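To keep things clear, I will list the structure first and then write my remarks on it.
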Amino acid sequence: MSEVHRDDTHVSHYLCIGCPLGCRLEVEEEDGEIVEIRGQSCKRGEVFARQEHTDPRRVVTTTVAVDGGRWPRLPVKTAGDVPKGAVVDVCRLLHGLRLEAPVAIGQLIAADALGTGVDVVASRDLPRK
Amino acid sequence: MRYDVAVIGGGVIGCAIARELSRYRLRAVVIERDCEVGLGTSKANSGIIHAGHHGAEGTLKGELEWRGNQMWDALADDLHFGFKRIGDLTCAFDEDQRATLRQIMQQGKRRGVPGLELWGPERIRREEPHLSHDIVEALYAPTAGVVNPYEACFMLGESAVRNGVDLALEHTVTNIRRSEKGFDIDASVGDDATPTLIKARFVVDAAGLHADAIADMVDAGGFRIRARKGEEYLLDKRLVGYVKRVVFPCPTPTSKGILVIPTYDGTLMVGPTATWADKGDLTTTAEGSAEVFAGARKLAPGISEKDCIAEFAGLRAVSDTEEFVLGPSRVAGFVLAAGMQSPALTAAPAVATVVLDALRDDGLELVAKDDFEPGVPAPVRFAELSTAEQRSLVARDPAYARLVCRCEIVTEGEVRDAIDRGARTLDGIKFRTRAGMGRCQGGFCTWGCMELLHERLGIPLTAVTKRGGDSWVAMERLEGTA
Amino acid sequence: MITPKPAHLQPRYDVVVVGGGPAGLAAAVGARESGAERVLVIDREPEAGGILQQCIHPGFGLHHFGEELTGPEYAQRAIEQTIERDVDVLSSAYVLDVAADRRLKVTSRDHGIAILDAGAVVLAMGARERTRAAIRIPGERPAGVMTAGFAQKLVNLGGLLPGRRAVILGSGDIGLIMARRLVLEGVEVEGVYELMPHANGLNRNIVQCLHDYDIPLHLSTTVVHIDGRERVERVTVAPVDDSFRPNMAQARDIPCDTLLVSIGLIPDNELAHRLGLRLDPVTTGPVVTSTMETTRDGVFACGNVVHIHDLVDYVSEESTLAGRGAGAYATGTPSVPDNVRLTPGENVRYCVPPTITTDREHTVYMRVTKPMAPCTLHLGDVYKRPLRYVFPGEMVTLKVRPRFLEGFHGGSLPVSIVPREEGGSA
């Protein structure tokens, strides 16, 4: 997402992440409908702007406490992207967990995190110390 | 606690004095504010054992520089710190400076400094091909050396402790009172409200930058110490061997100038600046850096900022007269070792003997011990061993086979030994083993050193510090946050 | 996953790979693919995978594995590939020396000091981070000034925090990634400061690591002073002019306890120095041929020791090639000598490899000195390709196919990237 300063004309601004050009995208909205997307130099920009404007989503990665493992933290990720607004709460949920080593890569750590429909899984094997 | 002698200050001067005291049957203590010895001025030092010819005639500095110089070989043999005589060159760029070189040479000869030679451009080119071609003549002094000053300090301190001297670390002297039997010293320890009382018949003031304040506590002073800051810049080991001797510009009446210093370990150091500063000001500055590199390039034009891997600043303890303030004070039993600026490191062993003479004159009876042990065990330096020696070492103890610091090739066994011999901090490890001193500046080894401090000292990782006090490196996670 | 430990070290290997990060692991796989039987990877960490193990964020693997992975996932796959191919991995080990005859001196907790002979050696030691001393930030030297990579290790592997309030110097991807990481761990990130007038990291990271968390990015601004006797207490930042001189009149103090520096990587070339390899003054890595062979016979190099990559996928690709070259060398298959030199021309800082052959396809990586869009890449006058854009932070890759060089019988080919008029033909 980008600097989302919305003004009275209902134009939202985004920085395109498709490539290093970093097009400054504008999404103009009227009565809740997108009427124009400007600033992109390719199709990817338009797709990105529409997604960011209507339903921005992110993959979440963080770590979870593990007892008895080679390291005290296990890296985890959401198996798919979750609504951007849920990122911080998903992290909070995960930071409250405590696992026991060993853990296997892909192992389910939290099912349907916060009702997003997205599972959280381990992103590595963590053997016992 | 009751002592015959309390030495205030655990820098190289205090440690040299303590080690000298430990030869005799008496009770002595070194009172040091930091969590280890040698972490102040003694650490941030050029590490030069001056050749003996630079100091002016008729001065204590000049006389003790030469006396001290001659004592370092025996000390290094006993205490196994890094020391070698690599010689120095003082360079002249014009006729006036050539005259100065001759003057210094005569001064050195009169003092008995051997081996002084004047080198013309051809000789300079042959011996030091990377020096400036604008140098018209250089005075060579083979007696100059380089030392790892922190190692010298740690080893002097360790030797003193092994021979019975107490070390009161993290003790800050807040007050001294004269008593019937000598002195009552109040020292604050950490956050404790009540100071610890240390009683001593004699006090040696080796408190560096604060020697004036310490002396004033018993009205033994009357002198003032100011801080003159020196910034130094360490260069990548790519340049090891680029310059082989300590190189000085021709001195002016006020300064030795910016030098190129091949440190004991071979890496080049350039500096120091000389500017008045506050007593806590250890900042390096953009101006200092510019001055140092400009000065160094004048001597060796190939030296570049691009090769800088570390910088630091040290504070010289300078008296009003610029001379050492050394010997008896106006208070009986209170002996001064103050104003210890360059060449104080060189002079340190000689300073210690002067202090002991003063203590004896004030009534301290010095009876030699039968069991004084001059040596300390040599620390293992894995990187300096032959393959055969490394094999047998590793067969004995596999901890020497695991590398902790890759830039300087320091093993887990060496770091462990350093901790067992007194390192309490990352700097303590660094200055004992070189782990963290190389080009990556601890990026790779800091974690391993933290783990070893945690294991050996039984402290949490979050209690590991860079150099004591509030210099923590990591903190606990904040639970429940996102 | 447990990396199998070799029970015994062989006195001789076909290929010994120095470094167990993505470069070394891919090189080992490449060596096996080209027929080397006994391949050993020597890694200094207790587990292979290199720096990827602490890069817990996604964004890796799209090119090499065809799906987006986190760093540890990428590492695990790379390790699994070596296990499938019976590569030995010696962990917690360090190569103290490599002689010109490819005899290695290795120290490891498990096997002590060992001397190994290698048919071919691959150098894959990666890079180290530039530190504050590299740019000589004035001020004090308190605890709390650390590289972004060290902070990443503290947080992601150690489960600790570097401090409570951080300032980040440098807008490289590691710094941006750490900004988000710290915020999610409850650390306040005051801002990211970048000396250059443009960000160094990917736009994706600008958006998803900074904008998402309202972390400001200050361009053309740098840290001019560090305060704090024991721990960082504040840093001073100031805008810089076109020649990067700070304007102290506009300097500003920021109270904080942590300064992360993310100001670039340097190839870690200790062994290359020891071997007396010729180094490229631009990349500071060894000069290599199109099979990634250095100026010493049978010594190959790949990954960040050769030049700093922006995608691990390219590291794996390049390193597989190096491994294949090493394997071929060790098994007695000579490589075809390069007969084309690629000379960097306008807006090209360097090409890796700098020389190629005319008989097969080559992937050439290059970096530009300045942004340009749109533009055209010229390979002498034998080939040109329109590019929408180039940026210094993003490597340009060029597949040079044999047909481009038909009728070209060796010699130098200048590679340049020049502006193209919008709408004009390439």
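Every chain in the structure tokens takes a letter, A first, then B, and so on in the order presented; its residues are numbered from 1, and the ligands are numbered from 1 following the presented order.
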
Using only C-alpha atoms, find which residues of chain B lie within 7 Å of chain C and jot them down as a ChimeraX atom specification. /B:282-286,306,308-311,391,394-395,398-399,401-403,440,443,466,469-478,481-482

Residues of chain A at most 7 Å from chain C: nearest atom pair and distance in Å, only C-alpha atoms, as JSON lines:
```
{"residue": "A:Met1", "atom": "CA", "partner": "C:Val207", "partner_atom": "CA", "distance": 5.1}
{"residue": "A:Ser2", "atom": "CA", "partner": "C:His211", "partner_atom": "CA", "distance": 5.3}
{"residue": "A:Glu3", "atom": "CA", "partner": "C:His211", "partner_atom": "CA", "distance": 6.2}
{"residue": "A:Leu15", "atom": "CA", "partner": "C:Val207", "partner_atom": "CA", "distance": 6.9}
{"residue": "A:Ile17", "atom": "CA", "partner": "C:Arg204", "partner_atom": "CA", "distance": 4.6}
{"residue": "A:Pro20", "atom": "CA", "partner": "C:Asn203", "partner_atom": "CA", "distance": 6.1}
{"residue": "A:Leu21", "atom": "CA", "partner": "C:Tyr389", "partner_atom": "CA", "distance": 6.9}
{"residue": "A:Gly22", "atom": "CA", "partner": "C:Asn203", "partner_atom": "CA", "distance": 6.2}
{"residue": "A:Thr61", "atom": "CA", "partner": "C:His57", "partner_atom": "CA", "distance": 5.7}
{"residue": "A:Thr63", "atom": "CA", "partner": "C:Asn156", "partner_atom": "CA", "distance": 6.7}
{"residue": "A:Trp71", "atom": "CA", "partner": "C:Leu157", "partner_atom": "CA", "distance": 6.0}
{"residue": "A:Pro72", "atom": "CA", "partner": "C:Gly159", "partner_atom": "CA", "distance": 6.2}
{"residue": "A:Arg73", "atom": "CA", "partner": "C:Gly159", "partner_atom": "CA", "distance": 5.8}
{"residue": "A:Pro75", "atom": "CA", "partner": "C:Ile56", "partner_atom": "CA", "distance": 6.0}
{"residue": "A:Val88", "atom": "CA", "partner": "C:Leu184", "partner_atom": "CA", "distance": 6.9}
{"residue": "A:Ser123", "atom": "CA", "partner": "C:Glu73", "partner_atom": "CA", "distance": 5.5}
{"residue": "A:Arg124", "atom": "CA", "partner": "C:Pro72", "partner_atom": "CA", "distance": 5.7}
{"residue": "A:Asp125", "atom": "CA", "partner": "C:Met1", "partner_atom": "CA", "distance": 4.9}
{"residue": "A:Leu126", "atom": "CA", "partner": "C:Met1", "partner_atom": "CA", "distance": 6.7}
{"residue": "A:Pro127", "atom": "CA", "partner": "C:Met1", "partner_atom": "CA", "distance": 6.5}
```

Proximal residues of chain A relative to chain B (only C-alpha atoms; 12 Å) as a CSV table (one decimal) with N, CA, C and O atoms, in the first residue's frame:
```
chain,number,residue,atom,x,y,z
A,60,VAL,N,1.7,-12.6,6.0
A,60,VAL,CA,2.3,-12.2,7.3
A,60,VAL,C,3.4,-13.2,7.6
A,60,VAL,O,3.2,-14.4,7.5
A,61,THR,N,4.6,-12.7,8.0
A,61,THR,CA,5.6,-13.6,8.6
A,61,THR,C,6.0,-13.0,9.9
A,61,THR,O,6.2,-11.8,10.1
A,62,THR,N,6.2,-13.9,10.8
A,62,THR,CA,6.8,-13.5,12.1
A,62,THR,C,7.4,-14.8,12.8
A,62,THR,O,7.6,-15.8,12.1
A,63,THR,N,7.6,-14.7,14.1
A,63,THR,CA,8.2,-15.9,14.7
A,63,THR,C,7.3,-16.3,15.9
A,63,THR,O,6.6,-15.4,16.5
A,64,VAL,N,7.4,-17.5,16.3
A,64,VAL,CA,6.6,-18.0,17.5
A,64,VAL,C,7.6,-18.7,18.5
A,64,VAL,O,8.6,-19.3,18.0
A,65,ALA,N,7.3,-18.5,19.7
A,65,ALA,CA,8.2,-19.1,20.8
A,65,ALA,C,8.2,-20.6,20.7
A,65,ALA,O,7.1,-21.2,20.5
A,72,PRO,N,15.3,-20.3,19.9
A,72,PRO,CA,14.1,-20.0,20.7
A,72,PRO,C,12.9,-19.6,19.9
A,72,PRO,O,11.8,-19.5,20.5
A,73,ARG,N,13.0,-19.3,18.7
A,73,ARG,CA,11.9,-18.8,17.9
A,73,ARG,C,11.8,-19.6,16.6
A,73,ARG,O,12.8,-20.0,16.0
A,86,ALA,N,-5.7,-7.0,9.1
A,86,ALA,CA,-5.6,-8.1,10.1
A,86,ALA,C,-4.1,-8.4,10.4
A,86,ALA,O,-3.9,-9.2,11.4
A,87,VAL,N,-3.2,-7.8,9.7
A,87,VAL,CA,-1.8,-8.2,9.9
A,87,VAL,C,-1.3,-8.1,11.4
A,87,VAL,O,-0.8,-9.0,11.9
A,88,VAL,N,-1.6,-6.9,12.0
A,88,VAL,CA,-1.1,-6.7,13.3
A,88,VAL,C,-1.7,-7.7,14.3
A,88,VAL,O,-1.1,-8.3,15.2
A,89,ASP,N,-3.1,-7.9,14.1
A,89,ASP,CA,-3.7,-8.8,15.0
A,89,ASP,C,-3.3,-10.3,14.9
A,89,ASP,O,-3.2,-11.0,15.8
A,90,VAL,N,-3.0,-10.7,13.6
A,90,VAL,CA,-2.5,-12.0,13.4
A,90,VAL,C,-1.1,-12.2,14.1
A,90,VAL,O,-0.9,-13.2,14.8
A,91,CYS,N,-0.3,-11.1,14.0
A,91,CYS,CA,1.0,-11.2,14.7
A,91,CYS,C,0.8,-11.3,16.2
A,91,CYS,O,1.5,-12.1,16.9
A,92,ARG,N,-0.1,-10.5,16.7
A,92,ARG,CA,-0.4,-10.6,18.2
A,92,ARG,C,-0.8,-12.0,18.6
A,92,ARG,O,-0.3,-12.5,19.6
A,93,LEU,N,-1.7,-12.6,17.8
A,93,LEU,CA,-2.1,-13.9,18.1
A,93,LEU,C,-0.9,-14.9,18.1
A,93,LEU,O,-0.8,-15.7,19.0
A,94,LEU,N,-0.1,-14.8,17.1
A,94,LEU,CA,1.1,-15.7,17.0
A,94,LEU,C,2.1,-15.5,18.1
A,94,LEU,O,2.7,-16.4,18.6
A,95,HIS,N,2.2,-14.2,18.5
A,95,HIS,CA,3.2,-13.9,19.6
A,95,HIS,C,2.7,-14.5,20.9
A,95,HIS,O,3.5,-14.6,21.9
A,96,GLY,N,1.5,-14.8,21.0
A,96,GLY,CA,1.0,-15.4,22.3
A,96,GLY,C,1.1,-16.9,22.3
A,96,GLY,O,0.9,-17.5,23.4
A,97,LEU,N,1.6,-17.5,21.3
A,97,LEU,CA,1.7,-19.0,21.2
A,97,LEU,C,3.0,-19.5,21.8
A,97,LEU,O,4.0,-18.7,21.8
A,98,ARG,N,3.0,-20.7,22.2
A,98,ARG,CA,4.3,-21.3,22.7
A,98,ARG,C,4.3,-22.8,22.3
A,98,ARG,O,3.4,-23.5,22.6
```

Could you list, as a ChimeraX atom specification, every residue within 8 Å of B:Trp66, counting only C-alpha atoms and ignoring same-chain residues fewer than 2 positions away? /B:50-53,62-64,68-70,111,113,347

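Residues lying within 7 Å of B:Glu414, counting only C-alpha atoms and ignoring same-chain neighbours fewer than 5 positions away, are Val380, Tyr400 and Thr433 of chain B.
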
Would you mind exporting the chosen residues as an mmCIF file, in the first residue's frame, restricted to N, CA and C atoms?
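Okay, this is what ended up in result-v1.cif:
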```cif
data_model
loop_
_atom_site.group_PDB
_atom_site.id
_atom_site.type_symbol
_atom_site.label_atom_id
_atom_site.label_comp_id
_atom_site.auth_asym_id
_atom_site.auth_seq_id
_atom_site.Cartn_x
_atom_site.Cartn_y
_atom_site.Cartn_z
ATOM 1 N N VAL B 380 46.403 -18.465 24.652
ATOM 2 C CA VAL B 380 46.470 -19.162 23.363
ATOM 3 C C VAL B 380 46.118 -18.173 22.255
ATOM 4 N N TYR B 400 38.992 -25.115 20.826
ATOM 5 C CA TYR B 400 39.894 -24.308 20.000
ATOM 6 C C TYR B 400 39.711 -24.587 18.507
ATOM 7 N N THR B 433 41.194 -10.735 22.822
ATOM 8 C CA THR B 433 41.325 -11.795 21.799
ATOM 9 C C THR B 433 41.332 -11.268 20.373
#
```

Show which residues sit within 7 Å of C:His307, as a ChimeraX atom specification. Count only C-alpha atoms, and ignore same-chain residues fewer than 6 positions away. /C:267,283,285

Neighbouring residues of B:Ala274 were defined as those with any atom within 10 Å, considering only C-alpha atoms; residues of the same chain fewer than 2 positions away were excluded. Please report them as a ChimeraX atom specification. /B:227-231,254-258,271-272,276-277,288,314-316

Alpha helix (DSSP H) per DSSP on the backbone: members of stretch 138-295 of chain B, as JSON, numbers by chain: {"B": [149, 150, 151, 152, 153, 154, 155, 156, 157, 158, 159, 160, 161, 162, 211, 212, 213, 214, 215, 216, 286, 287, 288, 289, 290, 291, 292, 293, 294, 295]}

Leaving out A:Phe48 and any residue of its chain fewer than 5 positions from it, which residues lie within 12 Å of it when counting only C-alpha atoms, given as an MDAnalysis selection string? (chainID A and resid 1:2 13:19 22:27 37:43 53:57) or (chainID C and resid 204)

Next, dump the selected residues to file, keeping only N, CA, C and O atoms, as a CSV table (one decimal), in the first residue's frame.
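The new file out_6.csv reads:
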```
chain,number,residue,atom,x,y,z
A,1,MET,N,0.9,-1.2,0.0
A,1,MET,CA,0.0,0.0,0.0
A,1,MET,C,0.9,1.2,0.0
A,1,MET,O,2.1,1.2,0.1
A,2,SER,N,0.3,2.4,-0.2
A,2,SER,CA,1.1,3.6,-0.3
A,2,SER,C,0.4,4.7,0.6
A,2,SER,O,-0.5,4.4,1.4
A,13,HIS,N,-4.1,7.6,-3.6
A,13,HIS,CA,-2.8,7.6,-4.3
A,13,HIS,C,-2.1,6.3,-3.8
A,13,HIS,O,-2.2,5.9,-2.6
A,14,TYR,N,-1.4,5.6,-4.7
A,14,TYR,CA,-0.7,4.4,-4.4
A,14,TYR,C,0.6,4.4,-5.2
A,14,TYR,O,0.7,5.0,-6.2
A,15,LEU,N,1.6,3.8,-4.5
A,15,LEU,CA,2.9,3.6,-5.2
A,15,LEU,C,2.9,2.2,-5.8
A,15,LEU,O,2.7,1.2,-5.0
A,16,CYS,N,3.1,2.1,-7.1
A,16,CYS,CA,3.0,0.8,-7.7
A,16,CYS,C,4.3,0.0,-7.3
A,16,CYS,O,5.4,0.5,-7.3
A,17,ILE,N,4.0,-1.3,-7.0
A,17,ILE,CA,5.2,-2.2,-6.5
A,17,ILE,C,5.6,-3.2,-7.6
A,17,ILE,O,6.4,-4.0,-7.4
A,18,GLY,N,5.0,-3.0,-8.8
A,18,GLY,CA,5.3,-4.0,-9.8
A,18,GLY,C,6.7,-4.0,-10.3
A,18,GLY,O,7.3,-5.0,-10.7
A,19,CYS,N,7.4,-2.8,-10.3
A,19,CYS,CA,8.8,-2.8,-10.8
A,19,CYS,C,9.4,-1.5,-10.2
A,19,CYS,O,8.7,-0.7,-9.6
A,22,GLY,N,8.1,2.4,-10.1
A,22,GLY,CA,7.3,3.0,-9.0
A,22,GLY,C,6.3,4.0,-9.4
A,22,GLY,O,6.3,5.1,-8.9
A,23,CYS,N,5.4,3.6,-10.3
A,23,CYS,CA,4.4,4.6,-10.8
A,23,CYS,C,3.6,5.1,-9.7
A,23,CYS,O,3.2,4.3,-8.8
A,24,ARG,N,3.3,6.4,-9.7
A,24,ARG,CA,2.4,7.0,-8.8
A,24,ARG,C,1.0,6.8,-9.3
A,24,ARG,O,0.6,7.5,-10.3
A,25,LEU,N,0.3,5.9,-8.7
A,25,LEU,CA,-1.1,5.6,-9.2
A,25,LEU,C,-2.1,6.4,-8.5
A,25,LEU,O,-2.0,6.7,-7.3
A,26,GLU,N,-3.2,6.7,-9.2
A,26,GLU,CA,-4.3,7.4,-8.7
A,26,GLU,C,-5.6,6.7,-9.0
A,26,GLU,O,-5.8,6.2,-10.1
A,27,VAL,N,-6.4,6.5,-8.0
A,27,VAL,CA,-7.7,5.8,-8.1
A,27,VAL,C,-8.8,6.8,-7.8
A,27,VAL,O,-8.8,7.3,-6.7
A,37,ILE,N,-8.5,4.9,-13.2
A,37,ILE,CA,-7.2,4.6,-12.6
A,37,ILE,C,-6.2,5.2,-13.5
A,37,ILE,O,-6.2,5.0,-14.7
A,38,ARG,N,-5.3,6.1,-12.9
A,38,ARG,CA,-4.4,6.9,-13.7
A,38,ARG,C,-2.9,6.6,-13.2
A,38,ARG,O,-2.7,6.2,-12.1
A,39,GLY,N,-2.0,7.0,-14.0
A,39,GLY,CA,-0.6,7.0,-13.6
A,39,GLY,C,0.2,5.7,-13.9
A,39,GLY,O,1.4,5.7,-13.9
A,40,GLN,N,-0.5,4.7,-14.3
A,40,GLN,CA,0.2,3.4,-14.5
A,40,GLN,C,0.9,3.4,-15.9
A,40,GLN,O,0.4,4.1,-16.8
A,41,SER,N,2.0,2.7,-16.0
A,41,SER,CA,2.6,2.6,-17.4
A,41,SER,C,2.4,1.2,-17.9
A,41,SER,O,3.0,0.9,-18.9
A,42,CYS,N,1.7,0.3,-17.2
A,42,CYS,CA,1.4,-1.0,-17.7
A,42,CYS,C,0.2,-1.5,-17.1
A,42,CYS,O,-0.3,-1.0,-16.1
A,43,LYS,N,-0.2,-2.7,-17.6
A,43,LYS,CA,-1.5,-3.3,-17.1
A,43,LYS,C,-1.4,-3.7,-15.6
A,43,LYS,O,-2.3,-3.6,-14.8
A,53,HIS,N,-6.8,-0.7,-3.7
A,53,HIS,CA,-7.9,0.2,-3.3
A,53,HIS,C,-9.1,-0.6,-2.7
A,53,HIS,O,-9.7,-0.1,-1.7
A,54,THR,N,-9.4,-1.7,-3.3
A,54,THR,CA,-10.6,-2.4,-2.8
A,54,THR,C,-10.3,-3.4,-1.7
A,54,THR,O,-11.1,-3.5,-0.8
A,55,ASP,N,-9.2,-4.1,-1.8
A,55,ASP,CA,-9.0,-5.2,-0.8
A,55,ASP,C,-7.5,-5.5,-0.7
A,55,ASP,O,-7.0,-6.5,-1.2
A,56,PRO,N,-6.8,-4.6,0.0
A,56,PRO,CA,-5.4,-4.8,0.1
A,56,PRO,C,-5.1,-6.0,1.0
A,56,PRO,O,-5.7,-6.2,2.1
A,57,ARG,N,-4.2,-6.8,0.6
A,57,ARG,CA,-3.9,-8.1,1.3
A,57,ARG,C,-2.4,-8.3,1.5
A,57,ARG,O,-1.6,-7.8,0.7
C,204,ARG,N,8.2,-2.6,-3.6
C,204,ARG,CA,7.4,-3.5,-2.8
C,204,ARG,C,7.7,-3.3,-1.3
C,204,ARG,O,6.8,-3.2,-0.4
```

For atom CA of A:Val82 and atom CA of A:Gly115, quote the distance in Å rounded to one decimal. 10.0 Å

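Going from atom CA of C:Val15 over to atom CA of C:Ser91, you cover 16.4 Å.
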
Suppose you want the space between atom CA of B:Arg421 and atom CA of B:Ile49; what is it in Å?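 Atom CA of B:Ile49 lies 25.4 Å from atom CA of B:Arg421.
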
I'd like to know which residues of stretch 41-284 of chain C are strand (DSSP E) (by DSSP, run on the backbone); could you write them as a ChimeraX atom specification? /C:41-42,58-60,69-70,88-90,93-98,103-108,112-123,127-129,145-147,160-161,165-169,188-193,217-218,221-227,234-239,252-255,258-261,265-267
